[in-house]
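This is target_26.pdb (PDB, C-alpha atoms, pLDDT in the B column).
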ATOM      1  CA  MET J   1     302.754-140.399  73.373  1.00 48.00           C
ATOM      2  CA  GLY J   2     300.505-138.089  75.354  1.00 47.00           C
ATOM      3  CA  LYS J   3     301.969-139.268  78.617  1.00 47.00           C
ATOM      4  CA  LYS J   4     305.540-138.598  77.521  1.00 47.00           C
ATOM      5  CA  LYS J   5     304.797-134.966  76.661  1.00 46.00           C
ATOM      6  CA  ALA J   6     303.110-134.400  79.981  1.00 44.00           C
ATOM      7  CA  LYS J   7     306.001-135.925  81.872  1.00 45.00           C
ATOM      8  CA  LYS J   8     308.598-134.012  79.899  1.00 46.00           C
ATOM      9  CA  GLY J   9     306.943-130.597  80.380  1.00 46.00           C
ATOM     10  CA  GLY J  10     305.772-131.155  83.953  1.00 46.00           C
ATOM     11  CA  SER J  11     308.905-132.872  85.229  1.00 44.00           C
ATOM     12  CA  LYS J  12     310.894-131.144  87.933  1.00 47.00           C
ATOM     13  CA  LYS J  13     314.096-132.007  86.142  1.00 46.00           C
ATOM     14  CA  ALA J  14     312.888-130.478  82.893  1.00 46.00           C
ATOM     15  CA  GLY J  15     312.344-127.073  84.603  1.00 46.00           C
ATOM     16  CA  LYS J  16     315.953-126.839  85.792  1.00 48.00           C
ATOM     17  CA  LYS J  17     318.633-125.801  83.383  1.00 49.00           C
ATOM     18  CA  GLY J  18     321.853-126.604  85.156  1.00 51.00           C
ATOM     19  CA  GLY J  19     324.055-124.050  86.869  1.00 48.00           C
ATOM     20  CA  LYS J  20     323.313-121.875  89.878  1.00 50.00           C
ATOM     21  CA  LYS J  21     320.315-119.661  90.443  1.00 49.00           C
ATOM     22  CA  LYS J  22     320.761-115.966  89.894  1.00 50.00           C
ATOM     23  CA  GLY J  23     321.597-114.133  93.065  1.00 49.00           C
ATOM     24  CA  SER J  24     323.307-116.982  94.868  1.00 47.00           C
ATOM     25  CA  GLY J  25     325.567-115.999  97.732  1.00 48.00           C
ATOM     26  CA  LYS J  26     328.809-117.103  96.094  1.00 46.00           C
ATOM     27  CA  LYS J  27     328.301-115.062  92.945  1.00 47.00           C
ATOM     28  CA  LYS J  28     327.620-111.914  94.969  1.00 46.00           C
ATOM     29  CA  SER J  29     330.771-112.272  96.985  1.00 44.00           C
ATOM     30  CA  SER J  30     332.821-112.857  93.839  1.00 44.00           C
ATOM     31  CA  LYS J  31     331.672-109.483  92.472  1.00 49.00           C
ATOM     32  CA  GLY J  32     333.358-107.604  95.306  1.00 49.00           C
ATOM     33  CA  SER J  33     330.373-106.812  97.499  1.00 48.00           C
ATOM     34  CA  GLY J  34     331.807-108.722 100.432  1.00 48.00           C
ATOM     35  CA  LYS J  35     334.028-107.662 103.309  1.00 49.00           C
ATOM     36  CA  LYS J  36     336.472-105.739 101.117  1.00 49.00           C
ATOM     37  CA  ASP J  37     333.845-103.056 100.414  1.00 50.00           C
ATOM     38  CA  LYS J  38     333.060-102.727 104.108  1.00 50.00           C
ATOM     39  CA  GLN J  39     336.733-102.234 104.918  1.00 52.00           C
ATOM     40  CA  VAL J  40     336.970 -99.356 102.451  1.00 50.00           C
ATOM     41  CA  THR J  41     333.982 -97.573 103.959  1.00 56.00           C
ATOM     42  CA  GLU J  42     335.263 -98.094 107.504  1.00 63.00           C
ATOM     43  CA  HIS J  43     338.443 -96.139 106.723  1.00 67.00           C
ATOM     44  CA  GLU J  44     336.679 -93.233 105.019  1.00 78.00           C
ATOM     45  CA  GLU J  45     335.944 -90.296 107.265  1.00 79.00           C
ATOM     46  CA  PRO J  46     332.267 -89.380 107.176  1.00 81.00           C
ATOM     47  CA  GLU J  47     331.604 -85.715 106.539  1.00 82.00           C
ATOM     48  CA  PRO J  48     330.656 -83.951 109.747  1.00 80.00           C
ATOM     49  CA  PRO J  49     327.035 -82.803 109.684  1.00 79.00           C
ATOM     50  CA  LYS J  50     326.641 -79.198 108.643  1.00 80.00           C
ATOM     51  CA  PRO J  51     325.387 -76.955 111.412  1.00 80.00           C
ATOM     52  CA  PRO J  52     321.912 -75.620 110.698  1.00 88.00           C
ATOM     53  CA  ALA J  53     321.757 -72.290 108.903  1.00 92.00           C
ATOM     54  CA  TYR J  54     319.324 -69.514 109.793  1.00 95.00           C
ATOM     55  CA  VAL J  55     317.797 -66.537 108.033  1.00 94.00           C
ATOM     56  CA  TYR J  56     316.107 -63.476 109.516  1.00 94.00           C
ATOM     57  CA  LEU J  57     312.972 -63.173 107.448  1.00 94.00           C
ATOM     58  CA  ALA J  58     310.279 -60.521 107.098  1.00 92.00           C
ATOM     59  CA  VAL J  59     306.856 -61.957 106.205  1.00 93.00           C
ATOM     60  CA  ARG J  60     304.481 -59.320 104.827  1.00 92.00           C
ATOM     61  CA  SER J  61     300.911 -59.225 103.588  1.00 89.00           C
ATOM     62  CA  ALA J  62     300.717 -58.164  99.942  1.00 86.00           C
ATOM     63  CA  THR J  63     297.822 -55.847 100.794  1.00 85.00           C
ATOM     64  CA  PHE J  64     299.309 -54.324 103.948  1.00 84.00           C
ATOM     65  CA  HIS J  65     303.031 -54.673 103.212  1.00 82.00           C
ATOM     66  CA  SER J  66     303.868 -51.080 104.125  1.00 75.00           C
ATOM     67  CA  MET J  67     302.066 -51.103 107.490  1.00 78.00           C
ATOM     68  CA  GLU J  68     304.682 -51.934 110.102  1.00 76.00           C
ATOM     69  CA  SER J  69     302.053 -52.086 112.843  1.00 79.00           C
ATOM     70  CA  PHE J  70     299.846 -54.591 111.003  1.00 84.00           C
ATOM     71  CA  SER J  71     299.720 -57.571 113.364  1.00 81.00           C
ATOM     72  CA  CYS J  72     299.912 -60.154 110.594  1.00 87.00           C
ATOM     73  CA  ASN J  73     303.201 -58.760 109.270  1.00 90.00           C
ATOM     74  CA  PHE J  74     306.015 -60.302 111.249  1.00 91.00           C
ATOM     75  CA  ASP J  75     309.774 -60.767 111.406  1.00 92.00           C
ATOM     76  CA  GLU J  76     311.199 -64.059 112.574  1.00 93.00           C
ATOM     77  CA  VAL J  77     314.351 -66.153 112.476  1.00 94.00           C
ATOM     78  CA  PHE J  78     313.863 -69.412 110.560  1.00 95.00           C
ATOM     79  CA  ARG J  79     316.108 -72.348 109.787  1.00 94.00           C
ATOM     80  CA  THR J  80     316.788 -72.592 106.070  1.00 95.00           C
ATOM     81  CA  ASP J  81     315.299 -76.094 106.025  1.00 95.00           C
ATOM     82  CA  THR J  82     311.913 -74.647 107.070  1.00 96.00           C
ATOM     83  CA  MET J  83     309.253 -75.496 104.514  1.00 97.00           C
ATOM     84  CA  LEU J  84     307.095 -72.756 103.021  1.00 96.00           C
ATOM     85  CA  SER J  85     304.061 -74.797 104.067  1.00 95.00           C
ATOM     86  CA  ASP J  86     305.155 -74.265 107.699  1.00 96.00           C
ATOM     87  CA  ILE J  87     305.313 -70.512 107.122  1.00 96.00           C
ATOM     88  CA  GLN J  88     301.883 -70.715 105.483  1.00 95.00           C
ATOM     89  CA  ARG J  89     300.542 -72.313 108.686  1.00 94.00           C
ATOM     90  CA  LEU J  90     302.081 -69.511 110.795  1.00 94.00           C
ATOM     91  CA  ILE J  91     300.367 -66.932 108.587  1.00 93.00           C
ATOM     92  CA  ALA J  92     297.014 -68.704 108.917  1.00 91.00           C
ATOM     93  CA  GLN J  93     297.453 -68.830 112.717  1.00 91.00           C
ATOM     94  CA  ARG J  94     297.906 -65.070 112.824  1.00 90.00           C
ATOM     95  CA  TYR J  95     294.498 -64.743 111.139  1.00 87.00           C
ATOM     96  CA  ASP J  96     293.046 -67.298 113.550  1.00 85.00           C
ATOM     97  CA  HIS J  97     292.640 -69.677 110.585  1.00 83.00           C
ATOM     98  CA  THR J  98     289.928 -67.511 109.003  1.00 82.00           C
ATOM     99  CA  ILE J  99     291.729 -67.140 105.659  1.00 85.00           C
ATOM    100  CA  SER J 100     292.267 -69.652 102.879  1.00 84.00           C
ATOM    101  CA  ASP J 101     294.344 -70.181  99.743  1.00 86.00           C
ATOM    102  CA  VAL J 102     297.461 -68.520 101.162  1.00 90.00           C
ATOM    103  CA  SER J 103     300.089 -68.064  98.470  1.00 91.00           C
ATOM    104  CA  ILE J 104     303.671 -67.047  99.189  1.00 93.00           C
ATOM    105  CA  PHE J 105     305.870 -65.169  96.745  1.00 92.00           C
ATOM    106  CA  ARG J 106     308.848 -62.869  96.447  1.00 89.00           C
ATOM    107  CA  GLY J 107     308.566 -59.300  95.317  1.00 87.00           C
ATOM    108  CA  GLU J 108     310.037 -55.849  95.403  1.00 83.00           C
ATOM    109  CA  VAL J 109     308.620 -52.636  96.824  1.00 83.00           C
ATOM    110  CA  ARG J 110     308.942 -49.615  94.535  1.00 80.00           C
ATOM    111  CA  GLY J 111     307.730 -46.526  96.320  1.00 78.00           C
ATOM    112  CA  ASN J 112     304.552 -47.738  97.992  1.00 77.00           C
ATOM    113  CA  GLU J 113     303.771 -50.300  95.305  1.00 78.00           C
ATOM    114  CA  LEU J 114     304.581 -53.985  95.639  1.00 79.00           C
ATOM    115  CA  VAL J 115     305.828 -55.470  92.388  1.00 82.00           C
ATOM    116  CA  ARG J 116     305.171 -59.187  92.573  1.00 80.00           C
ATOM    117  CA  ASP J 117     307.538 -61.739  91.039  1.00 81.00           C
ATOM    118  CA  ASP J 118     306.010 -63.728  88.211  1.00 69.00           C
ATOM    119  CA  GLU J 119     305.889 -67.079  89.943  1.00 79.00           C
ATOM    120  CA  GLU J 120     304.238 -68.232  93.119  1.00 83.00           C
ATOM    121  CA  LEU J 121     306.567 -70.271  95.314  1.00 90.00           C
ATOM    122  CA  GLU J 122     305.852 -73.964  95.806  1.00 92.00           C
ATOM    123  CA  LEU J 123     304.780 -74.732  99.363  1.00 91.00           C
ATOM    124  CA  GLU J 124     306.772 -77.999  99.270  1.00 94.00           C
ATOM    125  CA  SER J 125     309.992 -75.959  98.944  1.00 94.00           C
ATOM    126  CA  SER J 126     312.277 -75.066 101.812  1.00 95.00           C
ATOM    127  CA  LEU J 127     313.790 -71.625 102.307  1.00 95.00           C
ATOM    128  CA  SER J 128     317.107 -72.892 100.983  1.00 94.00           C
ATOM    129  CA  ASP J 129     315.312 -74.372  97.926  1.00 94.00           C
ATOM    130  CA  ILE J 130     314.128 -70.882  96.963  1.00 93.00           C
ATOM    131  CA  GLY J 131     317.632 -69.468  97.256  1.00 92.00           C
ATOM    132  CA  LEU J 132     317.725 -68.038 100.767  1.00 92.00           C
ATOM    133  CA  GLU J 133     321.178 -68.614 102.191  1.00 90.00           C
ATOM    134  CA  GLY J 134     321.524 -68.860 105.905  1.00 92.00           C
ATOM    135  CA  VAL J 135     324.196 -68.120 108.441  1.00 91.00           C
ATOM    136  CA  PRO J 136     325.001 -69.620 111.862  1.00 91.00           C
ATOM    137  CA  LYS J 137     322.455 -68.720 114.533  1.00 88.00           C
ATOM    138  CA  LYS J 138     324.852 -66.517 116.504  1.00 89.00           C
ATOM    139  CA  GLU J 139     325.489 -64.439 113.396  1.00 90.00           C
ATOM    140  CA  VAL J 140     321.816 -64.064 112.466  1.00 86.00           C
ATOM    141  CA  GLU J 141     321.014 -62.856 115.986  1.00 82.00           C
ATOM    142  CA  THR J 142     323.220 -59.813 115.387  1.00 85.00           C
ATOM    143  CA  HIS J 143     321.068 -58.580 112.475  1.00 84.00           C
ATOM    144  CA  GLU J 144     318.889 -55.639 113.406  1.00 84.00           C
ATOM    145  CA  THR J 145     316.651 -55.889 110.353  1.00 81.00           C
ATOM    146  CA  PRO J 146     315.498 -58.874 108.291  1.00 86.00           C
ATOM    147  CA  THR J 147     317.806 -59.914 105.490  1.00 87.00           C
ATOM    148  CA  SER J 148     315.030 -61.198 103.189  1.00 91.00           C
ATOM    149  CA  THR J 149     311.321 -60.658 102.684  1.00 92.00           C
ATOM    150  CA  LEU J 150     308.529 -62.985 101.616  1.00 93.00           C
ATOM    151  CA  TYR J 151     305.059 -61.736 100.769  1.00 92.00           C
ATOM    152  CA  TYR J 152     301.765 -63.545 100.994  1.00 91.00           C
ATOM    153  CA  ASP J 153     298.283 -63.147  99.665  1.00 90.00           C
ATOM    154  CA  TYR J 154     295.091 -64.976 100.583  1.00 88.00           C
ATOM    155  CA  MET J 155     291.385 -65.298 100.031  1.00 80.00           C
ATOM    156  CA  PRO J 156     289.513 -63.305 102.657  1.00 74.00           C
ATOM    157  CA  PRO J 157     286.731 -64.850 104.696  1.00 69.00           C
ATOM    158  CA  TYR J 158     283.054 -64.122 104.066  1.00 64.00           C
ATOM    159  CA  LEU J 159     283.165 -64.225 100.276  1.00 60.00           C
ATOM    160  CA  ASP J 160     279.421 -64.760 100.248  1.00 65.00           C
ATOM    161  CA  CYS J 161     278.836 -61.448 102.012  1.00 63.00           C
ATOM    162  CA  ALA J 162     276.660 -59.194  99.816  1.00 65.00           C
ATOM    163  CA  LEU J 163     278.284 -55.990 101.087  1.00 62.00           C
ATOM    164  CA  ILE J 164     281.835 -57.174 100.307  1.00 56.00           C
ATOM    165  CA  ASN J 165     280.801 -58.480  96.900  1.00 59.00           C
ATOM    166  CA  PHE J 166     278.996 -55.195  96.141  1.00 62.00           C
ATOM    167  CA  ILE J 167     282.111 -53.129  96.971  1.00 58.00           C
ATOM    168  CA  SER J 168     284.483 -55.245  94.939  1.00 52.00           C
TER     169      SER J 168
END

As structure tokens, what does this structure read like?
Amino acid sequence: MGKKKAKKGGSKKAGKKGGKKKGSGKKKSSKGSGKKDKQVTEHEEPEPPKPPAYVYLAVRSATFHSMESFSCNFDEVFRTDTMLSDIQRLIAQRYDHTISDVSIFRGEVRGNELVRDDEELELESSLSDIGLEGVPKKEVETHETPTSTLYYDYMPPYLDCALINFIS
């Protein structure tokens, strides 16, 4: 009796249950995923790619936002698919990479005071993700002043300096 159980359970025939395996070629083609689907997609017109959009952006230090001559405040034309992390790298380059923890945010200047928006922008976001709408490059080149402003803040270098820590 022991041999019969072993043969029955271990037999190749016992493992098969008649019919076709799932995913066989004939079943797939009978579901309509064959040439008919390809013919439909061949006749559809693909949407033409959208031309890139641009925005003329002012990037200002939160501390020195009102100083036009401050070398780390800059105006530049960016594509709307530019990531905020790329702008963060540009800011760090202007400080010769001596700053850290650069945060980027939106805000509003009232008088000489910068009123910061509540939330810091995610560096993984693009300019279009944060709501900046762009225009064709020829149109943005006609702007004399930036159409939007982003502000940044950072940790200054030399935090272990006794003089700086004494003053603050």

query = Suppose you want the space between CA of Gln88 (chain J) and CA of Ile104 (chain J); what is it in Å?
reply = 7.5 Å

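Proximity ranking of J:Thr63, J:Ser100, J:Thr80, J:Ser71 relative to Val135 (chain J) places J:Thr80 first, based on only C-alpha atoms.
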
task = Tell me which of J:Leu84, J:Val140, J:Leu114, J:Met155 sits closest to Ala62 (chain J), counting all atoms listed in the file.
result = J:Leu114

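Reported to one decimal place, the separation of CA of Gly131 (chain J) from CA of Arg94 (chain J) is 25.5 Å.
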
I need the output of the PyMOL selection byres ((chain J and resi 133) around 9) for this file as a tab-separated table (two decimals) with C-alpha atoms, in the coordinates of the input; which residues are they?
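out.tsv written:
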chain	number	residue	atom	x	y	z
J	53	ALA	CA	321.76	-72.29	108.90
J	54	TYR	CA	319.32	-69.51	109.79
J	55	VAL	CA	317.80	-66.54	108.03
J	80	THR	CA	316.79	-72.59	106.07
J	127	LEU	CA	313.79	-71.62	102.31
J	128	SER	CA	317.11	-72.89	100.98
J	131	GLY	CA	317.63	-69.47	97.26
J	132	LEU	CA	317.73	-68.04	100.77
J	134	GLY	CA	321.52	-68.86	105.90
J	135	VAL	CA	324.20	-68.12	108.44

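Selection check: the PyMOL selection byres ((chain J and resi 141) around 12) on the shown file gives Ala53, Tyr54, Val55, Tyr56, Leu57, Glu76, Val77, Phe78, Gly134, Val135, Pro136, Lys137, Lys138, Glu139, Val140, Thr142, His143, Glu144, Thr145, Pro146 and Thr147 of chain J.
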